[in-house]
Amino acid sequence: MSARRIFARPARRAAIAPYVWMALFFLVPFIFVVKISLSQTAIAQPPYLPVFDLTSGAGAIKAAFAALSLDNFRLLLSDDLYVFSYLRSLLVAVVSTSILLLIGYPIAYGMARLPARWQSVAMMLVIVPFWTSFLIRIYAWINILQHDGLLNQILLALHLVSTPVVWLSTDSAMYLGIVYSYLPFMILPLYATLAKIDPALLEAANDLGSSPRQAFWLVTFPLSLPGVGAGVLLCFIPIVGEFVIPDLLAGSDSLMIGQTLWLEFFTNKDWPVASAAAVVLLLLLLAPLLLYDRLQRRQLEAR
Amino acid sequence: MARASNRLSRFNVTSLALGLAFLYLPIVILVIYSFNASRLVTVWGGWSLKWYSEFFNDGAMLDAASMSFRVAVTSATLATLLGTLAAVALSRGERFKGRTLFSGMLYAPLVMPEVITGLSLLLLFVAVNAERGFWTVTIAHTTLTMCFVAVVVQSRLGALDRSLEEAAMDLGCDPARAFLSVTLPLILPSIAAGWMLAFTLSLDDLVIASFTTGPGSATLPIRIYSEVRLGVKPEINAICTLIIALIAAVIVVASFASKLSREQGESAAPL
């Protein structure tokens, strides 16, 4: 064991560079977000007050601290626009994660039951779209869903509808886009746990007289729950903050929080309110984020 | 038939086939449309390459493509260096001070909504008065993608037999030598796969780049996004097809690398 310990010392030193990098570009920026969320909006560059100026002495910094306020958070909670955005984001994330689980589970289950050499092919086929641009995949759907797009042409040709159906700018298009984009994120962790289940357990269940259906619900499904947890979190968390998909596929009458934040930032140039919105979003996601962190760590470090 | 409960059922096959069709059909349709001669995207006017030549004559698009490519190469290289170091520290460093914070910082960006990551980095860049453009986007992408590299490499390191390193050290290697001559060659395929993942993630990113870039230095996804908002254009189909082709080439190389890595022992890299 001493070799292991001797190896550990320089290995620990390897942490220095990535540690400093992540502290500088991941941790410190959050401090700025929190700070600016407590500032006042101003017509200036940068568009917020007070701006900390380290050269102006301790008195000025103290005054700047005194000027911090919770006004932006009060605004967020009193303005229906924001409250609805948060609620809508959570709703969209719950609905789409449920659909993803319902669609993803049978696919992952089918993959796990393929003969071994086909499994890696199937996994590759699921991973490839994950590597392909998000934006391109959404754009591919716009091609199909637009007014005179392929879907409407097919429906018209089959006489299923008499006039083109409006697909774009609807919630169904948005759900379709989300499910399409996040499906690999749901399938892969599910497949990883399903493939690890020892087939002998199912044989045992079979020998003990349970039908395949019973064996699935009594053996396979309970054993796959860690994968379900990972897949659900891996989809739910980013969907809550999703911007591109609702922006391109959903209507503009009700916004998700990612869109509201974007609008506040880029169009209204209200950086303090956008920062406050980000802080609240982060607080909403804190519990699932910590849960995901624990799962990841357990998976990677329990070897 | 003891294996009866273990056979592929019709339900398994159907769900697999439908699932894969769902994943691929839209992309196939997009690629086919990119060769459509007609200006109306939906009317088939015969095969043509004219939208590709349109792209190669579109200066603004080409500038954006070159910007994206440079950012992707630079940030993927930085991210691979930092991510590999992080993976080594996490899987070989035993306990050290701040380890929990360190691994938390590495796993959080994997799922963090991009709007938050983008916004926070922009606020930092504005606060330190950095000129926004190539370097700010590169730093932002490095921060995001090094976490993916760390996960890929760490899972390979975790699967690696540690007695190999220990044997090297018993035979008189110092840790650095043992790492360079034993560990590094074994994890090289996963490092390569990590680089390529970082490269494609950077090439794809719209949200973080939108926040962290400055005027006049749009990346390709930013240009595409502003065009797509105005509606479907055949030229965009051609650009998307080119990107898909590029990424497909990267994937072929990456899968070759991960196959190499799998042949040396089961790797459980999730990506």
# chains A, B, ... in the order shown; residues from 1 in each chain; ligands from 1
>>> residues_around(residues="stretch 160-172 of chain A", least_positions_apart="5", cutoff="9 Å", atoms="only C-alpha atoms", output="PDB file with C-alpha atoms, in the first residue's frame")
ATOM      1  CA  ILE A 142     -38.351  23.088 -37.799  1.00  0.00           C
ATOM      2  CA  LEU A 145     -42.899  20.957 -38.585  1.00  0.00           C
ATOM      3  CA  GLN A 146     -43.164  24.209 -40.511  1.00  0.00           C
ATOM      4  CA  HIS A 147     -46.372  25.265 -42.219  1.00  0.00           C
ATOM      5  CA  ASP A 148     -45.593  23.583 -45.559  1.00  0.00           C
ATOM      6  CA  ASN A 152     -48.165  18.636 -43.040  1.00  0.00           C
ATOM      7  CA  GLN A 153     -47.522  17.435 -46.593  1.00  0.00           C
ATOM      8  CA  ILE A 154     -47.833  13.836 -45.470  1.00  0.00           C
ATOM      9  CA  LEU A 155     -50.944  14.513 -43.423  1.00  0.00           C
ATOM     10  CA  GLY A 177     -37.980  19.037 -29.315  1.00  0.00           C
ATOM     11  CA  PRO A 246     -38.606  26.780 -26.143  1.00  0.00           C
ATOM     12  CA  ASP A 247     -37.274  29.836 -27.936  1.00  0.00           C
ATOM     13  CA  LEU A 248     -37.326  28.174 -31.351  1.00  0.00           C
ATOM     14  CA  LEU A 249     -40.255  25.775 -31.032  1.00  0.00           C
ATOM     15  CA  ALA A 250     -42.728  27.124 -28.446  1.00  0.00           C
ATOM     16  CA  GLY A 251     -44.988  30.134 -28.747  1.00  0.00           C
ATOM     17  CA  SER A 252     -43.940  33.429 -27.227  1.00  0.00           C
TER      18      SER A 252
END
>>> residues_around(residues="stretch 257-272 of chain A", least_positions_apart="4", cutoff="7 Å", atoms="only C-alpha atoms", output="VMD selection string")
(chain A and resid 36 to 41 47 to 48 72 85 to 86 89 241 to 243 247 276 to 277) or (chain B and resid 115)
>>> select_by_dssp(residues="stretch 12-244 of chain B", states="alpha helix (DSSP H)", output="PyMOL selection string")
chain B and resi 12-33+50-56+59-92+99-111+114-127+134-159+163-170+175-178+184-204+207-212+220-229+234-244
>>> residues_around(residues="stretch 225-232 of chain A", least_positions_apart="4", cutoff="7 Å", atoms="only C-alpha atoms", output="VMD selection string")
chain A and resid 97 185 to 186 189 to 190 193 221 236 292
>>> residues_around(residues="stretch 143-147 of chain B", least_positions_apart="6", cutoff="10 Å", atoms="only C-alpha atoms", output="PyMOL selection string")
(chain A and resi 18+21-22+24-26) or (chain B and resi 75-87+103+105-110+112+114+117-118+121+137+153+194-195+197-202+208)
>>> residues_around(residues="B:Leu203", least_positions_apart="6", cutoff="7 Å", atoms="only C-alpha atoms", output="ChimeraX atom specification")
/B:68-69,72
>>> interface_residues(of="chain A", to="chain B", cutoff="6 Å", atoms="only C-alpha atoms", output="list in words")
Ala3, Phe7, Ala8, Ala11, Arg12, Ala14, Ala15, Pro18, Pro29, Phe30, Val33, Pro106, Ile107, Gly110, Arg113, Ser133, Ala140, Gly149, Pro212, Pro238, Gly241 and Ala278 of chain A
>>> atom_distance(atom1="atom CA of A:Ala116", atom2="atom CA of A:Ala195")
9.6 Å
>>> residues_around(residues="A:Ala205", least_positions_apart="2", cutoff="10 Å", atoms="only C-alpha atoms", output="PDB file with C-alpha atoms, in the first residue's frame")
ATOM      1  CA  PRO A 199     -29.020 -12.568 -16.016  1.00  0.00           C
ATOM      2  CA  ALA A 200     -28.734 -15.328 -13.413  1.00  0.00           C
ATOM      3  CA  LEU A 201     -31.112 -13.338 -11.230  1.00  0.00           C
ATOM      4  CA  LEU A 202     -33.776 -13.487 -13.930  1.00  0.00           C
ATOM      5  CA  GLU A 203     -33.180 -17.189 -14.437  1.00  0.00           C
ATOM      6  CA  ASP A 207     -36.969 -21.117 -11.910  1.00  0.00           C
ATOM      7  CA  LEU A 208     -38.897 -19.996  -8.878  1.00  0.00           C
ATOM      8  CA  GLY A 209     -41.982 -19.741 -11.016  1.00  0.00           C
ATOM      9  CA  SER A 210     -42.396 -16.064 -11.846  1.00  0.00           C
ATOM     10  CA  SER A 211     -43.567 -15.056 -15.303  1.00  0.00           C
ATOM     11  CA  PRO A 212     -41.283 -12.766 -17.367  1.00  0.00           C
ATOM     12  CA  GLN A 214     -43.339 -10.600 -12.763  1.00  0.00           C
ATOM     13  CA  ALA A 215     -39.601 -11.071 -13.020  1.00  0.00           C
ATOM     14  CA  PHE A 216     -39.335  -7.665 -14.671  1.00  0.00           C
ATOM     15  CA  LEU A 218     -39.820  -7.769  -9.045  1.00  0.00           C
ATOM     16  CA  VAL A 219     -36.188  -8.018 -10.167  1.00  0.00           C
TER      17      VAL A 219
ATOM     18  CA  SER B   5     -36.796 -14.963 -19.556  1.00  0.00           C
TER      19      SER B   5
END
>>> closest_residue(among="B:Ala254, B:Leu171, B:Ala238, B:Val149", to="B:Pro189", atoms="only C-alpha atoms")
B:Ala254
>>> atom_distance(atom1="atom CA of A:Val83", atom2="atom CA of A:Ile239")
17.2 Å
>>> atom_distance(atom1="atom CA of A:Ile103", atom2="atom CA of A:Ile127")
16.2 Å
>>> residues_around(residues="B:Ile187", least_positions_apart="3", cutoff="9 Å", atoms="only C-alpha atoms", output="number ranges by chain")
B: 153, 156-157, 160, 183-184, 190-192, 261
>>> write_last_selection(atoms="C-alpha atoms", output="PDB file, in the first residue's frame")
ATOM      1  CA  VAL B 153     -10.753  10.067 -18.067  1.00  0.00           C
ATOM      2  CA  ARG B 156     -11.079   5.022 -17.321  1.00  0.00           C
ATOM      3  CA  LEU B 157      -8.595   5.543 -14.480  1.00  0.00           C
ATOM      4  CA  LEU B 160      -7.499   0.595 -14.511  1.00  0.00           C
ATOM      5  CA  THR B 183      -0.585   4.962 -16.668  1.00  0.00           C
ATOM      6  CA  LEU B 184      -0.526   7.544 -19.425  1.00  0.00           C
ATOM      7  CA  SER B 190      -9.836   8.017 -23.232  1.00  0.00           C
ATOM      8  CA  ILE B 191      -7.869  11.273 -23.245  1.00  0.00           C
ATOM      9  CA  ALA B 192      -8.292  11.359 -27.025  1.00  0.00           C
ATOM     10  CA  SER B 261      -9.404   1.624 -24.672  1.00  0.00           C
TER      11      SER B 261
END
